[in-house]
Amino acid sequence: MLELHNLTRRYGDVLAADDVTFEVPSGRMVGFVGGNGAGKTTTMRMVMGVLAPTSGEVHWDGTPATRAVRARFGYMPEERGLYPKQPVLGQLVYLAQLHGMQAQPARRRAVELLDRFGLADRVDDKVEELSLGNQQRAQIIAAVLGDPVALILDEPFSGLDPTAVDQMSELLREHTSQGVPVLFSSHQLDLVDRLCDSIVVLHQGRVVAEGTSEALRADAPLRYRLTTTGDTGWVRGVAGVTVIDLEGPSVLVEPQDEQVAQRLLTDAVARGGVREFSRIRPTLSEIYREVAA
Ligand SMILES: Nc1ncnc2c1ncn2[C@@H]1O[C@H](COP(=O)(O)OP(=O)(O)OP(=O)(O)O)[C@@H](O)[C@H]1O
């Protein structure tokens, strides 16, 4: 298990990461979200040990992560790691060897992954000759090649087409199913919601929310949508109900509790013509906007 303990990084007056504490349990996929400049890259760099924290520690299986342990983490840095002018396969094999793999197994695995991700005929091309999305595929392959014990990926899905997103998600799932903890940052909140076991929201360097998307949703206000065949203006007069949005036959409300919601439904049924009465669960984007506000 990977643990971040009170990681703090200061750049002059800027607190890029401020007491960042959370866990990435074995076999779990954790999504790291936050606006531009929130501190995600800074935090991931500290996890990898490429940036020294001002204070705080990274632990692996309960003890401070050593350089040797971190060498076994697969990393996809924000600035990407592959050299544009070198051929794809040779470079992947070289990087895997740096992580302790033998050349032959590294080559076999790299070819297998390149083939799986549609790059079989590009193995001898220079990285810069690939499209951006294909370079991104090669970058992800580089991160997973050395049989990593943990994966730290800075925006691995940016620029990927939907097919590649599905392929890469499956690849990451294969690693979590073998017990590897995976931390990845992303601005694609629907994707994070779909893929991750839990989510950490960073805002101005601080963790402002953390948990499964279900748990984050549980903290959100109770909301219902009522749609009828007539005008729903009468809802404004129902005690305990706050109207968020009303447009003729459809109204979005925040009842103060479930009982009030049921009373509203009873009133609506008594008036007749109910078309829809449904609980509205916030999207991760809405939760994010709320906690980052
Ligand atoms: N080398 C540096 N020198 C000075 N300030 C820095 C440096 N690196 C990052 N920062 C500052 O630290 C803060 C956090 O930046 P960071 O790149 O970690 O955010 P991020 O969440 O990864 O953003 P994005 O989503 O835009 O990639 C920002 O205010 C940034 O300007």
# chains A, B, ... in the order shown; residues from 1 in each chain; ligands from 1
>>> closest_atom_pairs(of="stretch 136-175 of chain A", to="stretch 73-78 of chain A", cutoff="9 Å", atoms="only C-alpha atoms", output="CSV")
residue,atom,partner,partner_atom,distance
A:Gln139,CA,A:Met76,CA,6.7
A:Ile140,CA,A:Met76,CA,6.7
A:Ala142,CA,A:Met76,CA,7.9
A:Ala143,CA,A:Gly74,CA,4.6
A:Val144,CA,A:Gly74,CA,5.7
A:Leu145,CA,A:Gly74,CA,7.9
A:Gly146,CA,A:Gly74,CA,7.2
A:Asp147,CA,A:Gly74,CA,7.9
A:Pro148,CA,A:Phe73,CA,5.1
A:Val149,CA,A:Phe73,CA,5.6
A:Ala150,CA,A:Phe73,CA,4.8
A:Leu151,CA,A:Gly74,CA,4.7
A:Ile152,CA,A:Tyr75,CA,4.9
A:Leu153,CA,A:Met76,CA,4.6
A:Asp154,CA,A:Glu78,CA,5.3
A:Glu155,CA,A:Glu78,CA,7.1
A:Pro156,CA,A:Met76,CA,7.1
>>> closest_atom_pairs(of="chain A", to="ligand 1", cutoff="8 Å", atoms="only C-alpha atoms and all ligand atoms", output="tab-separated table")
residue	atom	partner	partner_atom_place_in_ligand_line	distance
A:Arg10	CA	ligand 1	12 (O)	7.9
A:Tyr11	CA	ligand 1	4 (C)	5.0
A:Gly12	CA	ligand 1	4 (C)	7.4
A:Val14	CA	ligand 1	29 (O)	6.3
A:Leu15	CA	ligand 1	12 (O)	6.8
A:Ala16	CA	ligand 1	12 (O)	3.9
A:Ala17	CA	ligand 1	14 (C)	6.9
A:Val33	CA	ligand 1	21 (O)	7.7
A:Gly34	CA	ligand 1	21 (O)	5.9
A:Gly35	CA	ligand 1	25 (O)	5.4
A:Asn36	CA	ligand 1	26 (O)	3.2
A:Gly37	CA	ligand 1	19 (O)	3.4
A:Ala38	CA	ligand 1	21 (O)	3.7
A:Gly39	CA	ligand 1	18 (O)	3.2
A:Lys40	CA	ligand 1	21 (O)	3.8
A:Thr41	CA	ligand 1	22 (O)	3.6
A:Thr42	CA	ligand 1	18 (O)	3.7
A:Thr43	CA	ligand 1	18 (O)	6.4
A:Glu78	CA	ligand 1	27 (O)	7.4
A:Asp154	CA	ligand 1	22 (O)	8.0
A:Ser186	CA	ligand 1	25 (O)	7.8
A:His187	CA	ligand 1	25 (O)	7.3
A:Leu202	CA	ligand 1	21 (O)	7.6
A:Gln204	CA	ligand 1	14 (C)	7.6
A:Gly205	CA	ligand 1	14 (C)	6.8
>>> closest_residue(among="A:Ala292, A:Val47, A:Arg271, A:Asp161", to="A:Val207", atoms="only C-alpha atoms")
A:Ala292
>>> select_by_dssp(residues="stretch 48-148 of chain A", states="strand (DSSP E)", output="list in words")
Ser55, Gly56, Glu57, Val58, His59, Trp60, Thr63, Pro64, Phe73, Gly74, Tyr75 and Met76 of chain A
>>> write_last_selection(atoms="C-alpha atoms", output="PDB file, in the first residue's frame")
ATOM      1  CA  SER A  55       8.020  18.266   4.663  1.00  0.00           C
ATOM      2  CA  GLY A  56       6.101  15.014   4.854  1.00  0.00           C
ATOM      3  CA  GLU A  57       6.816  11.434   3.837  1.00  0.00           C
ATOM      4  CA  VAL A  58       5.826   8.741   1.376  1.00  0.00           C
ATOM      5  CA  HIS A  59       5.421   5.259   2.821  1.00  0.00           C
ATOM      6  CA  TRP A  60       5.362   1.914   1.057  1.00  0.00           C
ATOM      7  CA  THR A  63       7.784   2.200   6.052  1.00  0.00           C
ATOM      8  CA  PRO A  64       9.331   5.236   4.334  1.00  0.00           C
ATOM      9  CA  PHE A  73       7.073   2.241  -9.268  1.00  0.00           C
ATOM     10  CA  GLY A  74       5.860   2.749 -12.831  1.00  0.00           C
ATOM     11  CA  TYR A  75       5.656   6.464 -13.584  1.00  0.00           C
ATOM     12  CA  MET A  76       4.217   8.503 -16.374  1.00  0.00           C
TER      13      MET A  76
END
>>> atom_distance(atom1="atom CA of A:Met1", atom2="atom CA of A:Gly62")
7.6 Å
>>> atom_distance(atom1="atom CA of A:Ala71", atom2="atom CA of A:Leu95")
11.4 Å
>>> closest_residue(among="A:Thr232, A:Leu172, A:Thr283, A:Phe277", to="A:Glu214", atoms="only C-alpha atoms")
A:Thr283
>>> residues_around(residues="A:Leu252", least_positions_apart="5", cutoff="8 Å", atoms="only C-alpha atoms", output="list in words")
Arg223, Tyr224, Arg225, Leu226, Val243, Ile244, Asp245 and Leu246 of chain A
>>> residues_around(residues="stretch 194-199 of chain A", least_positions_apart="4", cutoff="12 Å", atoms="only C-alpha atoms", output="PyMOL selection string")
chain A and resi 22-34+157+165-166+168-173+176+181-186+188-190+207-217+283-284+287-288
>>> atom_distance(atom1="atom CA of A:Leu114", atom2="atom CA of A:Gln102")
18.0 Å
>>> select_by_dssp(residues="stretch 53-173 of chain A", states="alpha helix (DSSP H)", output="PyMOL selection string")
chain A and resi 67-70+88-98+103-116+132-145+162-173
>>> residues_around(residues="A:Val127", least_positions_apart="3", cutoff="10 Å", atoms="only C-alpha atoms", output="JSON, numbers by chain")
{"A": [82, 83, 84, 85, 86, 87, 88, 89, 91, 122, 123, 124, 130, 131, 132, 134, 135, 136, 138, 139]}
>>> write_last_selection(atoms="N, CA and C atoms", output="PDB file, in the first residue's frame")
ATOM      1  N   LEU A  82       9.567   9.668 -22.861  1.00  0.00           N
ATOM      2  CA  LEU A  82      10.247   9.055 -24.009  1.00  0.00           C
ATOM      3  C   LEU A  82      10.985  10.102 -24.841  1.00  0.00           C
ATOM      4  N   TYR A  83      12.130   9.691 -25.386  1.00  0.00           N
ATOM      5  CA  TYR A  83      12.908  10.606 -26.227  1.00  0.00           C
ATOM      6  C   TYR A  83      12.305  10.633 -27.620  1.00  0.00           C
ATOM      7  N   PRO A  84      11.956  11.831 -28.114  1.00  0.00           N
ATOM      8  CA  PRO A  84      11.272  11.922 -29.410  1.00  0.00           C
ATOM      9  C   PRO A  84      12.073  11.327 -30.563  1.00  0.00           C
ATOM     10  N   LYS A  85      13.400  11.416 -30.477  1.00  0.00           N
ATOM     11  CA  LYS A  85      14.217  11.075 -31.650  1.00  0.00           C
ATOM     12  C   LYS A  85      14.627   9.601 -31.681  1.00  0.00           C
ATOM     13  N   GLN A  86      14.182   8.816 -30.707  1.00  0.00           N
ATOM     14  CA  GLN A  86      14.617   7.414 -30.700  1.00  0.00           C
ATOM     15  C   GLN A  86      13.469   6.464 -31.036  1.00  0.00           C
ATOM     16  N   PRO A  87      13.800   5.295 -31.591  1.00  0.00           N
ATOM     17  CA  PRO A  87      12.756   4.352 -31.983  1.00  0.00           C
ATOM     18  C   PRO A  87      11.984   3.817 -30.769  1.00  0.00           C
ATOM     19  N   VAL A  88      10.705   3.554 -31.014  1.00  0.00           N
ATOM     20  CA  VAL A  88       9.792   3.189 -29.931  1.00  0.00           C
ATOM     21  C   VAL A  88      10.249   1.934 -29.188  1.00  0.00           C
ATOM     22  N   LEU A  89      10.402   0.837 -29.903  1.00  0.00           N
ATOM     23  CA  LEU A  89      10.664  -0.435 -29.223  1.00  0.00           C
ATOM     24  C   LEU A  89      11.999  -0.426 -28.471  1.00  0.00           C
ATOM     25  N   GLN A  91      13.625   1.904 -27.247  1.00  0.00           N
ATOM     26  CA  GLN A  91      13.561   2.753 -26.073  1.00  0.00           C
ATOM     27  C   GLN A  91      12.785   2.105 -24.928  1.00  0.00           C
ATOM     28  N   ARG A 122       4.684   0.021 -35.923  1.00  0.00           N
ATOM     29  CA  ARG A 122       5.388   1.280 -35.680  1.00  0.00           C
ATOM     30  C   ARG A 122       6.592   1.101 -34.767  1.00  0.00           C
ATOM     31  N   VAL A 123       6.948  -0.150 -34.481  1.00  0.00           N
ATOM     32  CA  VAL A 123       7.966  -0.395 -33.450  1.00  0.00           C
ATOM     33  C   VAL A 123       9.315   0.259 -33.742  1.00  0.00           C
ATOM     34  N   ASP A 124       9.648   0.390 -35.035  1.00  0.00           N
ATOM     35  CA  ASP A 124      10.945   0.979 -35.366  1.00  0.00           C
ATOM     36  C   ASP A 124      10.871   2.464 -35.696  1.00  0.00           C
ATOM     37  N   LEU A 130       5.143   9.336 -34.347  1.00  0.00           N
ATOM     38  CA  LEU A 130       3.805   8.855 -33.997  1.00  0.00           C
ATOM     39  C   LEU A 130       2.880  10.039 -33.753  1.00  0.00           C
ATOM     40  N   SER A 131       1.575   9.805 -33.931  1.00  0.00           N
ATOM     41  CA  SER A 131       0.609  10.850 -33.575  1.00  0.00           C
ATOM     42  C   SER A 131       0.660  11.024 -32.054  1.00  0.00           C
ATOM     43  N   LEU A 132       0.102  12.141 -31.574  1.00  0.00           N
ATOM     44  CA  LEU A 132       0.163  12.406 -30.125  1.00  0.00           C
ATOM     45  C   LEU A 132      -0.492  11.299 -29.306  1.00  0.00           C
ATOM     46  N   ASN A 134      -0.869   8.186 -30.176  1.00  0.00           N
ATOM     47  CA  ASN A 134      -0.035   6.975 -30.187  1.00  0.00           C
ATOM     48  C   ASN A 134       1.219   7.136 -29.326  1.00  0.00           C
ATOM     49  N   GLN A 135       1.746   8.349 -29.260  1.00  0.00           N
ATOM     50  CA  GLN A 135       2.876   8.588 -28.342  1.00  0.00           C
ATOM     51  C   GLN A 135       2.424   8.333 -26.908  1.00  0.00           C
ATOM     52  N   GLN A 136       1.194   8.759 -26.647  1.00  0.00           N
ATOM     53  CA  GLN A 136       0.631   8.584 -25.304  1.00  0.00           C
ATOM     54  C   GLN A 136       0.498   7.086 -24.976  1.00  0.00           C
ATOM     55  N   ALA A 138       2.341   4.718 -26.163  1.00  0.00           N
ATOM     56  CA  ALA A 138       3.703   4.219 -25.912  1.00  0.00           C
ATOM     57  C   ALA A 138       4.184   4.637 -24.514  1.00  0.00           C
ATOM     58  N   GLN A 139       3.789   5.844 -24.090  1.00  0.00           N
ATOM     59  CA  GLN A 139       4.186   6.324 -22.754  1.00  0.00           C
ATOM     60  C   GLN A 139       3.586   5.442 -21.661  1.00  0.00           C
TER      61      GLN A 139
END
